[in-house]
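Visitor: Encoded as structure tokens, here's the structure I'll be asking about.
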Amino acid sequence: MRRLFYCTSVSVVATVLVVGIFASTANAAKDNFVGPGWHYTLNLNAVEKGKTADMTGSDRHTIFVAFSPTNGTVVSRIYLREGDFQVCDGNAFDPAFDCAGNQIAVQGATFQLPNNTCTDVAGVCDPTTLTCTAGTVGLPCAANSDCDASCAIVNPEFTCYEVFIRALGGPCTPLIDTDGDGIADACATLKTCGIEDLGPDGIAGTADDTVVCSTESVLLVRDKGKPRWENVTAELTSLCLDTDLNGTCDTRVELFENDFEEIFWQFTNTHLRRAQIRFYPTDGDLCGVKS
């Protein structure tokens, strides 16, 4: 199997996903307002005790994940499959099943969503340094075409839909230090990760997996006052990867256009009880995500 990425250790979040409705329009969160057009809503509610009921094979709109009753962190995985928006398995506390009823991991929930295609980025080759300054930035080159990229590193644009998130529930005190500066800045984090190699046992979610995560994270904090929306399209529908291990992202890939064995959203949670995610088709619904 071709390896593009390097292993990075990861932790997972605890939260619950409640899937909601579908709506249309390329609504951006202008003035922190996400409009009422066609959208698919995913509500996140964290619970302390794991669910035991079978939550597969139905038209449910909820995924249950973990909540920490102490000051520690808890982690949950939401495995991702390509297809129309649908919750395949709503329980992150037991084995994960896809929408066809096949077990895909030892533990986790499963959510299905369309691939969000990146808008191609034209490359620019600096004739003096012979390195790419746009597209696949930093790579050696002889011509602009050597630098063409399918996903921009900074401010990427996507063809199919936009994704917005807001923290809900009661106010929470940040307990997670996401940048190592000794200051807690999040009640929960959400990032996209992939399993590059399932290891000798061939099973997702076990200790021999080779896992890599995006360098980007969604930081969730519930303050007092009106909840605010944040555009998280890049964080939740692509992975920005540090392939040369220099501490910065140098390659962005779409969710399902890569060599990963499995893709999942990783939630790390302390005291966040609820959040909400909305998916809005772009103008004209170019990818047919409403169908």
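Starting from 1 in every chain, residues are counted up; chains themselves are A, B, ... following the order of the structure tokens, and ligands are numbered from 1 as listed.
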Check the DSSP output for the backbone and give back, as a list of chain:residue names, the residues of region 23-249 of chain A in helix (DSSP H, G or I).

Guide: A:Asn144, A:Ser145, A:Asp146, A:Cys147, A:Thr233, A:Ala234, A:Glu235, A:Leu236, A:Thr237

Visitor: For those residues, write C-alpha atoms to a file as a PDB file, in the first residue's frame.

Guide:
ATOM      1  CA  ASN A 144       3.824  26.304 -13.117  1.00  0.00           C
ATOM      2  CA  SER A 145       2.135  23.019 -13.999  1.00  0.00           C
ATOM      3  CA  ASP A 146       4.458  21.209 -11.569  1.00  0.00           C
ATOM      4  CA  CYS A 147       2.788  23.116  -8.732  1.00  0.00           C
ATOM      5  CA  THR A 233     -15.764  23.358   6.135  1.00  0.00           C
ATOM      6  CA  ALA A 234     -12.013  22.851   5.791  1.00  0.00           C
ATOM      7  CA  GLU A 235     -11.603  21.200   9.205  1.00  0.00           C
ATOM      8  CA  LEU A 236     -14.426  18.666   8.757  1.00  0.00           C
ATOM      9  CA  THR A 237     -14.243  17.847   5.030  1.00  0.00           C
TER      10      THR A 237
END

Visitor: Considering only C-alpha atoms, return as an MDAnalysis selection string whatever protein or nucleic-acid residues lie within 12 Å of Ala46 (chain A), sequence-local ones (same chain, fewer than 3 positions apart) excluded.

Guide: chainID A and resid 13:18 43 49:51 62:69 74:76 91:93 167:169 187:188 267:276

Visitor: Leaving out region 251-265 of chain A and any residue of its chain fewer than 2 positions from it, which residues lie within 8 Å of it when counting only C-alpha atoms, given as a PyMOL selection string?

Guide: chain A and resi 2-4+77-82+115-118+136+150-153+190-198+204+236-243+249+267

Visitor: I need the chosen residues saved as a PDB file, in the first residue's frame, with C-alpha atoms.

Guide:
ATOM      1  CA  ARG A   2       1.337   3.440  -0.938  1.00  0.00           C
ATOM      2  CA  ARG A   3       2.120   5.559   2.130  1.00  0.00           C
ATOM      3  CA  LEU A   4       1.696   9.300   1.897  1.00  0.00           C
ATOM      4  CA  ARG A  77     -14.875   8.364  17.155  1.00  0.00           C
ATOM      5  CA  ILE A  78     -17.368   9.021  14.376  1.00  0.00           C
ATOM      6  CA  TYR A  79     -16.305   6.914  11.378  1.00  0.00           C
ATOM      7  CA  LEU A  80     -17.105   8.438   7.994  1.00  0.00           C
ATOM      8  CA  ARG A  81     -18.475   6.856   4.837  1.00  0.00           C
ATOM      9  CA  GLU A  82     -19.068   8.481   1.444  1.00  0.00           C
ATOM     10  CA  ASN A 115     -17.179  13.945  -0.565  1.00  0.00           C
ATOM     11  CA  ASN A 116     -16.624  17.715  -0.656  1.00  0.00           C
ATOM     12  CA  THR A 117     -14.481  18.325  -3.728  1.00  0.00           C
ATOM     13  CA  CYS A 118     -11.798  21.003  -3.470  1.00  0.00           C
ATOM     14  CA  THR A 136       1.716  22.767  -3.817  1.00  0.00           C
ATOM     15  CA  SER A 150      -6.390  20.169  -5.870  1.00  0.00           C
ATOM     16  CA  CYS A 151      -6.694  21.744  -2.410  1.00  0.00           C
ATOM     17  CA  ALA A 152      -5.251  25.011  -1.155  1.00  0.00           C
ATOM     18  CA  ILE A 153      -3.429  24.972   2.180  1.00  0.00           C
ATOM     19  CA  LEU A 190     -13.098  18.159  16.913  1.00  0.00           C
ATOM     20  CA  LYS A 191     -10.685  17.115  14.186  1.00  0.00           C
ATOM     21  CA  THR A 192     -10.501  14.807  11.186  1.00  0.00           C
ATOM     22  CA  CYS A 193      -8.180  11.787  11.312  1.00  0.00           C
ATOM     23  CA  GLY A 194      -7.352   8.805   9.146  1.00  0.00           C
ATOM     24  CA  ILE A 195      -6.088   5.267   9.670  1.00  0.00           C
ATOM     25  CA  GLU A 196      -3.223   4.760   7.257  1.00  0.00           C
ATOM     26  CA  ASP A 197      -2.610   1.114   8.144  1.00  0.00           C
ATOM     27  CA  LEU A 198      -4.891  -1.253  10.079  1.00  0.00           C
ATOM     28  CA  ALA A 204      -9.944  -0.435  12.900  1.00  0.00           C
ATOM     29  CA  LEU A 236     -14.426  18.666   8.757  1.00  0.00           C
ATOM     30  CA  THR A 237     -14.243  17.847   5.030  1.00  0.00           C
ATOM     31  CA  SER A 238     -10.480  17.727   4.458  1.00  0.00           C
ATOM     32  CA  LEU A 239      -7.221  16.900   6.231  1.00  0.00           C
ATOM     33  CA  CYS A 240      -4.318  19.356   6.331  1.00  0.00           C
ATOM     34  CA  LEU A 241      -1.260  17.139   6.801  1.00  0.00           C
ATOM     35  CA  ASP A 242       2.305  17.687   7.962  1.00  0.00           C
ATOM     36  CA  THR A 243       3.979  15.104   5.723  1.00  0.00           C
ATOM     37  CA  CYS A 249       0.700  21.628   7.096  1.00  0.00           C
ATOM     38  CA  PHE A 267     -13.984  14.398  19.463  1.00  0.00           C
TER      39      PHE A 267
END

Visitor: Where does DSSP see strand (DSSP E or B) in region 68-221 of chain A, if you list the residues as number ranges by chain?

Guide: A: 74-82, 86-89, 91, 96-97, 103-105, 109-113, 118, 121, 124-125, 131-134, 140, 149, 158, 161-168, 176, 186, 188-197, 204, 210-213, 218-220

Visitor: Which residue gives the smallest distance to Asp185 (chain A) among A:Ala149, A:Ser217, A:Leu245, A:Leu130, with only C-alpha atoms counted?

Guide: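 Ranked by minimum distance to Asp185 (chain A), first place goes to A:Ser217.
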
Visitor: So how many Å separate CA of Pro174 (chain A) and CA of Val221 (chain A), to one decimal?

Guide: 6.6 Å

Visitor: Would you mind listing what lies within 8 Å of region 99-104 of chain A as an mmCIF file with N, CA and C atoms, in the first residue's frame, with only C-alpha atoms counted and same-chain residues fewer than 4 positions away left out?

Guide:
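Below you can see result13.cif, which holds the result:
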data_model
loop_
_atom_site.group_PDB
_atom_site.id
_atom_site.type_symbol
_atom_site.label_atom_id
_atom_site.label_comp_id
_atom_site.auth_asym_id
_atom_site.auth_seq_id
_atom_site.Cartn_x
_atom_site.Cartn_y
_atom_site.Cartn_z
ATOM 1 N N THR A 56 -28.509 1.000 14.846
ATOM 2 C CA THR A 56 -28.180 0.856 13.437
ATOM 3 C C THR A 56 -29.456 0.582 12.641
ATOM 4 N N GLY A 57 -29.375 0.774 11.326
ATOM 5 C CA GLY A 57 -30.458 0.389 10.435
ATOM 6 C C GLY A 57 -31.752 1.137 10.628
ATOM 7 N N VAL A 87 -27.056 8.940 9.212
ATOM 8 C CA VAL A 87 -26.429 8.290 10.358
ATOM 9 C C VAL A 87 -26.577 6.791 10.177
ATOM 10 N N CYS A 88 -25.455 6.105 10.035
ATOM 11 C CA CYS A 88 -25.480 4.646 9.870
ATOM 12 C C CYS A 88 -25.534 3.946 11.221
ATOM 13 N N ASP A 89 -24.818 4.494 12.190
ATOM 14 C CA ASP A 89 -24.728 3.906 13.526
ATOM 15 C C ASP A 89 -24.694 5.058 14.514
ATOM 16 N N PRO A 95 -19.471 -1.410 18.981
ATOM 17 C CA PRO A 95 -18.876 -1.558 17.644
ATOM 18 C C PRO A 95 -19.549 -0.684 16.597
ATOM 19 N N GLN A 112 -22.493 9.061 7.365
ATOM 20 C CA GLN A 112 -22.264 9.070 5.923
ATOM 21 C C GLN A 112 -22.492 10.484 5.384
ATOM 22 N N ILE A 203 -8.085 -4.656 11.808
ATOM 23 C CA ILE A 203 -9.293 -4.142 12.448
ATOM 24 C C ILE A 203 -9.079 -2.696 12.855
ATOM 25 N N ALA A 204 -10.037 -1.845 12.539
ATOM 26 C CA ALA A 204 -9.944 -0.435 12.900
ATOM 27 C C ALA A 204 -10.240 -0.224 14.373
#

Visitor: For Arg228 (chain A), which residue out of A:Leu44, A:Leu113, A:Thr133, A:Arg166 is the nearest one, using only C-alpha atoms?

Guide: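 Closest candidate: A:Arg166.
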
Visitor: Quick check, in Å to one decimal: how far apart do CA of Asn71 (chain A) and CA of Lys224 (chain A) lie?

Guide: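 Computed distance, CA of Asn71 (chain A) to CA of Lys224 (chain A), equals 20.1 Å.
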
Visitor: Let me make sure I understand: among A:Gly35, A:Gly170, A:Gly90, A:Pro140, which one has the smallest atom-to-atom distance to Trp229 (chain A) if we use only C-alpha atoms?

Guide: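 When distances to Trp229 (chain A) are compared using only C-alpha atoms, the smallest one comes from A:Gly35.
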
Visitor: With distances taken over only C-alpha atoms, which residue among A:Arg278, A:Asp120, A:Thr41, A:Pro114 lies nearest Gly83 (chain A)?

Guide: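 Nearest to Gly83 (chain A): A:Pro114.
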
Visitor: Would you mind telling me which residue in A:Thr73, A:Thr52, A:Gln266, A:Thr206 lies nearest to Gln107 (chain A) when using only C-alpha atoms?

Guide: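 With only C-alpha atoms as the atom set, the closest residue is A:Thr206.
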
Visitor: Quick one: distance from CA of Glu216 (chain A) to CA of Val289 (chain A) in Å, one decimal?

Guide: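 Atom-to-atom, CA of Glu216 (chain A) to CA of Val289 (chain A), that is 24.9 Å.
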